[in-house]
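Report on the following structure.
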Amino acid sequence: MKTVTLGGTGIQIPLLAMGAASLGSIYHPVSQRQANETVAAALTHGVNYFDVAPYYGLTKSEIALQGVAQRDYTLATKVGRYGDSLWDFSRGATLQSVEQSLARLKVDYIDVIQCHDVEYGNQQQLREEALPTLRELRASGVVRHIGITGYRLDVLERLAVDQQVDTVMAYCTWTLQDRRLGAVASRLQQAGIGVLNASPLSMGLLTQTGAPDWHQAHQDVQKVCRAVAALCDRQGVNLAQVALQFALTTAAEQGIASTVIGTASAENMLENIRWSEQPVDTALLGHIESIMAPVLNIGWDVLPCNGGKAQK
Ligand SMILES: NC(=O)c1ccc[n+]([C@@H]2O[C@H](COP(=O)([O-])OP(=O)(O)OC[C@H]3O[C@@H](n4cnc5c(N)ncnc54)[C@H](OP(=O)(O)O)[C@@H]3O)[C@@H](O)[C@H]2O)c1
């Protein structure tokens, strides 16, 4: 897997990274054996940046990585979100969360610690407690880089620049259906901030099986995506393939360092890696873009959940 420098952090990360929220059983039940096989498939091919959070599966995704040696991967985890509607950016919660993540993951330090879904929760607390506390932890070596994550690009950009964070991870906004991250990512990259594009399959919306029932995309968007899936089906191509290849082949020109895909299947991870090495079918992409045009850049206002539902 080709690597890239993540903004000004100096760390080399793969162009395709693994979002391990799926290991918290947020899409379907996942056993530790499946988690181990998926992680092993990723690591074997150089996909060694793993993004987790205490929120995903209510600690299950972090626990799923316990057996992976710290030297084998770059770890990104989060603070601040602890339930579907539960944020706490206080100093006490931040210190406790980092300490608990270190213990759960059995690591000595965290490469990238991110404030989770920053458009929610108490903004004053985020700026005056969580971020300063993380800077202290960075100075003492407990965390190496500080990032923020979320969906609202205006909030992410303003906060990232004001607070001079190291990384920004946005989700579902650089995909076949939504291109809003592009301009923002370019500006952030210019400012030396590492940008990660999470959810290139728009949390399952851009797959043959379609979005999970908790997905917040508008019904018009879902309908068009189903039409695109049907087109891909007729052509014998997997929509996930085109969606991933679109995100990967356009990332660099937008200033996006890495694309963070989620799967809890070793087979799908291997497929994703194989697809990452192939060019996108430009004729099919053009056809999809014309069908997608009426719903391009239509996002949602309601918070997607399910990270808090750890299924066995
Ligand atoms: N606020 C935030 O900080 C935030 C928000 C969203 C995402 N993220 C990060 O980004 C990561 C990725 O996002 P995501 O997992 O939610 O969405 P995603 O990567 O867009 O899509 C995941 C879905 O796609 C399926 N999939 C993956 N590869 C596939 C393949 N080859 N063929 C068919 N289906 C495939 C997965 O199912 P299978 O498991 O069956 O493969 C899962 O249902 C998360 O794990 C998380 O780390 C962060």
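Letters for chains follow the order of the structure tokens (A, B, ...), residue numbers begin at 1 for each chain, and ligand numbers begin at 1 in the order shown.
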
(request) Determine, counting only C-alpha atoms, which protein, DNA and RNA residues have an atom within 6 Å of an atom of stretch 91-97 of chain A; residues of the same chain fewer than 2 positions away are not included. Present the result as a VMD selection string. (result) chain A and resid 99 to 100 129 to 130

Quick one: contact table of chain A to ligand 1, 7 Å max, nearest atom pair and distance in Å to one decimal per residue, counting only C-alpha atoms and all ligand atoms, chain and number order, as a tab-separated table?
residue	atom	partner	partner_atom_place_in_ligand_line	distance
A:Met18	CA	ligand 1	11 (C)	6.7
A:Gly19	CA	ligand 1	45 (O)	3.2
A:Ala20	CA	ligand 1	45 (O)	4.3
A:Ala21	CA	ligand 1	45 (O)	3.7
A:Ser22	CA	ligand 1	45 (O)	5.4
A:Tyr27	CA	ligand 1	43 (O)	5.5
A:Asp51	CA	ligand 1	47 (O)	4.4
A:Val52	CA	ligand 1	47 (O)	5.3
A:His116	CA	ligand 1	3 (O)	5.5
A:Asp117	CA	ligand 1	1 (N)	4.9
A:Thr149	CA	ligand 1	3 (O)	4.6
A:Gly150	CA	ligand 1	1 (N)	4.5
A:Tyr151	CA	ligand 1	1 (N)	6.5
A:Met169	CA	ligand 1	3 (O)	6.5
A:Ala170	CA	ligand 1	2 (C)	6.7
A:Tyr171	CA	ligand 1	6 (C)	5.0
A:Cys172	CA	ligand 1	20 (O)	6.9
A:Ala198	CA	ligand 1	10 (O)	4.0
A:Ser199	CA	ligand 1	20 (O)	3.1
A:Pro200	CA	ligand 1	20 (O)	4.4
A:Leu201	CA	ligand 1	20 (O)	3.3
A:Ser202	CA	ligand 1	20 (O)	4.0
A:Met203	CA	ligand 1	17 (O)	3.5
A:Gly204	CA	ligand 1	23 (C)	4.1
A:Thr207	CA	ligand 1	34 (N)	5.6
A:Gln208	CA	ligand 1	33 (C)	6.9
A:Ala240	CA	ligand 1	32 (N)	5.4
A:Gln241	CA	ligand 1	31 (N)	6.7
A:Val260	CA	ligand 1	10 (O)	5.2
A:Ile261	CA	ligand 1	19 (O)	3.6
A:Gly262	CA	ligand 1	15 (O)	3.2
A:Thr263	CA	ligand 1	39 (O)	3.5
A:Ala264	CA	ligand 1	39 (O)	3.9
A:Ser265	CA	ligand 1	41 (O)	5.0
A:Asn268	CA	ligand 1	31 (N)	4.0
A:Met269	CA	ligand 1	31 (N)	6.2
A:Glu271	CA	ligand 1	31 (N)	5.3
A:Asn272	CA	ligand 1	31 (N)	5.0

Exercise: stretch 247-251 of chain A partners within 8 Å, only C-alpha atoms, chain neighbours under 2 positions left out, as a PDB file with N, CA, C and O atoms, in the first residue's frame:
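As a result, result37.pdb now contains:
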ATOM      1  N   LEU A  15      -2.530   5.210   2.030  1.00  0.00           N
ATOM      2  CA  LEU A  15      -3.576   5.956   1.313  1.00  0.00           C
ATOM      3  C   LEU A  15      -4.959   5.421   1.660  1.00  0.00           C
ATOM      4  O   LEU A  15      -5.941   6.145   1.619  1.00  0.00           O
ATOM      5  N   LEU A  16      -5.021   4.124   1.968  1.00  0.00           N
ATOM      6  CA  LEU A  16      -6.274   3.516   2.421  1.00  0.00           C
ATOM      7  C   LEU A  16      -6.076   3.101   3.877  1.00  0.00           C
ATOM      8  O   LEU A  16      -5.176   2.323   4.192  1.00  0.00           O
ATOM      9  N   TRP A 174     -16.793  13.329   0.968  1.00  0.00           N
ATOM     10  CA  TRP A 174     -16.053  13.228  -0.309  1.00  0.00           C
ATOM     11  C   TRP A 174     -16.355  11.835  -0.872  1.00  0.00           C
ATOM     12  O   TRP A 174     -15.654  10.858  -0.640  1.00  0.00           O
ATOM     13  N   THR A 175     -17.478  11.775  -1.583  1.00  0.00           N
ATOM     14  CA  THR A 175     -17.980  10.489  -2.084  1.00  0.00           C
ATOM     15  C   THR A 175     -18.589  10.696  -3.471  1.00  0.00           C
ATOM     16  O   THR A 175     -18.659  11.826  -3.965  1.00  0.00           O
ATOM     17  N   LEU A 176     -19.080   9.622  -4.028  1.00  0.00           N
ATOM     18  CA  LEU A 176     -19.791   9.713  -5.313  1.00  0.00           C
ATOM     19  C   LEU A 176     -20.995  10.657  -5.207  1.00  0.00           C
ATOM     20  O   LEU A 176     -21.431  11.236  -6.194  1.00  0.00           O
ATOM     21  N   PRO A 200     -15.964   6.497   2.763  1.00  0.00           N
ATOM     22  CA  PRO A 200     -16.064   6.692   1.313  1.00  0.00           C
ATOM     23  C   PRO A 200     -17.271   5.981   0.705  1.00  0.00           C
ATOM     24  O   PRO A 200     -17.682   6.311  -0.409  1.00  0.00           O
ATOM     25  N   ALA A 243     -17.271   3.440  -5.789  1.00  0.00           N
ATOM     26  CA  ALA A 243     -17.266   4.478  -4.752  1.00  0.00           C
ATOM     27  C   ALA A 243     -15.879   4.607  -4.124  1.00  0.00           C
ATOM     28  O   ALA A 243     -15.369   5.719  -3.933  1.00  0.00           O
ATOM     29  N   LEU A 244     -15.261   3.470  -3.818  1.00  0.00           N
ATOM     30  CA  LEU A 244     -13.935   3.526  -3.202  1.00  0.00           C
ATOM     31  C   LEU A 244     -12.902   4.057  -4.193  1.00  0.00           C
ATOM     32  O   LEU A 244     -12.072   4.914  -3.851  1.00  0.00           O
ATOM     33  N   GLN A 245     -12.956   3.561  -5.417  1.00  0.00           N
ATOM     34  CA  GLN A 245     -11.962   4.012  -6.405  1.00  0.00           C
ATOM     35  C   GLN A 245     -12.127   5.494  -6.713  1.00  0.00           C
ATOM     36  O   GLN A 245     -11.142   6.212  -6.914  1.00  0.00           O
ATOM     37  N   GLU A 253      -5.657  15.247  -5.231  1.00  0.00           N
ATOM     38  CA  GLU A 253      -5.881  16.564  -5.855  1.00  0.00           C
ATOM     39  C   GLU A 253      -6.752  17.471  -4.985  1.00  0.00           C
ATOM     40  O   GLU A 253      -6.787  18.680  -5.164  1.00  0.00           O
ATOM     41  N   GLN A 254      -7.465  16.871  -4.029  1.00  0.00           N
ATOM     42  CA  GLN A 254      -8.304  17.661  -3.110  1.00  0.00           C
ATOM     43  C   GLN A 254      -7.565  18.013  -1.823  1.00  0.00           C
ATOM     44  O   GLN A 254      -8.113  18.729  -0.979  1.00  0.00           O
ATOM     45  N   GLY A 255      -6.381  17.450  -1.630  1.00  0.00           N
ATOM     46  CA  GLY A 255      -5.668  17.697  -0.370  1.00  0.00           C
ATOM     47  C   GLY A 255      -6.029  16.694   0.714  1.00  0.00           C
ATOM     48  O   GLY A 255      -5.719  16.898   1.885  1.00  0.00           O
ATOM     49  N   ILE A 256      -6.681  15.618   0.315  1.00  0.00           N
ATOM     50  CA  ILE A 256      -7.027  14.558   1.281  1.00  0.00           C
ATOM     51  C   ILE A 256      -5.857  13.588   1.358  1.00  0.00           C
ATOM     52  O   ILE A 256      -5.421  13.058   0.332  1.00  0.00           O
ATOM     53  N   ALA A 257      -5.353  13.350   2.569  1.00  0.00           N
ATOM     54  CA  ALA A 257      -4.199  12.459   2.706  1.00  0.00           C
ATOM     55  C   ALA A 257      -4.626  11.002   2.570  1.00  0.00           C
ATOM     56  O   ALA A 257      -4.059  10.251   1.782  1.00  0.00           O
ATOM     57  N   SER A 258      -5.628  10.609   3.337  1.00  0.00           N
ATOM     58  CA  SER A 258      -5.982   9.191   3.363  1.00  0.00           C
ATOM     59  C   SER A 258      -7.494   9.012   3.435  1.00  0.00           C
ATOM     60  O   SER A 258      -8.216   9.877   3.936  1.00  0.00           O
ATOM     61  N   THR A 259      -7.926   7.861   2.927  1.00  0.00           N
ATOM     62  CA  THR A 259      -9.351   7.522   2.884  1.00  0.00           C
ATOM     63  C   THR A 259      -9.587   6.400   3.895  1.00  0.00           C
ATOM     64  O   THR A 259      -8.907   5.369   3.849  1.00  0.00           O
ATOM     65  N   SER A 276      -8.139  -0.802  -4.621  1.00  0.00           N
ATOM     66  CA  SER A 276      -7.330   0.422  -4.462  1.00  0.00           C
ATOM     67  C   SER A 276      -6.154   0.450  -5.434  1.00  0.00           C
ATOM     68  O   SER A 276      -5.558   1.499  -5.676  1.00  0.00           O
ATOM     69  N   PRO A 279      -7.455   1.116 -11.625  1.00  0.00           N
ATOM     70  CA  PRO A 279      -8.054   2.399 -12.016  1.00  0.00           C
ATOM     71  C   PRO A 279      -9.574   2.326 -11.985  1.00  0.00           C
ATOM     72  O   PRO A 279     -10.146   1.242 -12.084  1.00  0.00           O
ATOM     73  N   VAL A 280     -10.219   3.473 -11.845  1.00  0.00           N
ATOM     74  CA  VAL A 280     -11.679   3.503 -11.847  1.00  0.00           C
ATOM     75  C   VAL A 280     -12.172   3.395 -13.303  1.00  0.00           C
ATOM     76  O   VAL A 280     -11.500   3.858 -14.231  1.00  0.00           O
TER      77      VAL A 280
END

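In the backbone-derived DSSP annotation, strand (DSSP E or B) within stretch 213-301 of chain A comprises Ser258, Thr259, Val260, Ile261 and Gly262 of chain A.
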
(message) List as JSON, numbers by chain the protein and nucleic acid residues near A:Ala69, meaning an atom at most 10 Å away when only C-alpha atoms are counted, but skip any in the same chain fewer than 3 places from it.
(response) {"A": [65, 66, 72, 73, 105, 106, 107]}

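Atom CA of A:Gly141 to atom CA of A:Val112 spans 11.5 Å [interatomic distance, one decimal].
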
(message) Nearest residue to A:Lys223 out of A:Pro294, A:Gly10, A:Gly236, A:Gly192, using only C-alpha atoms?
(response) A:Pro294
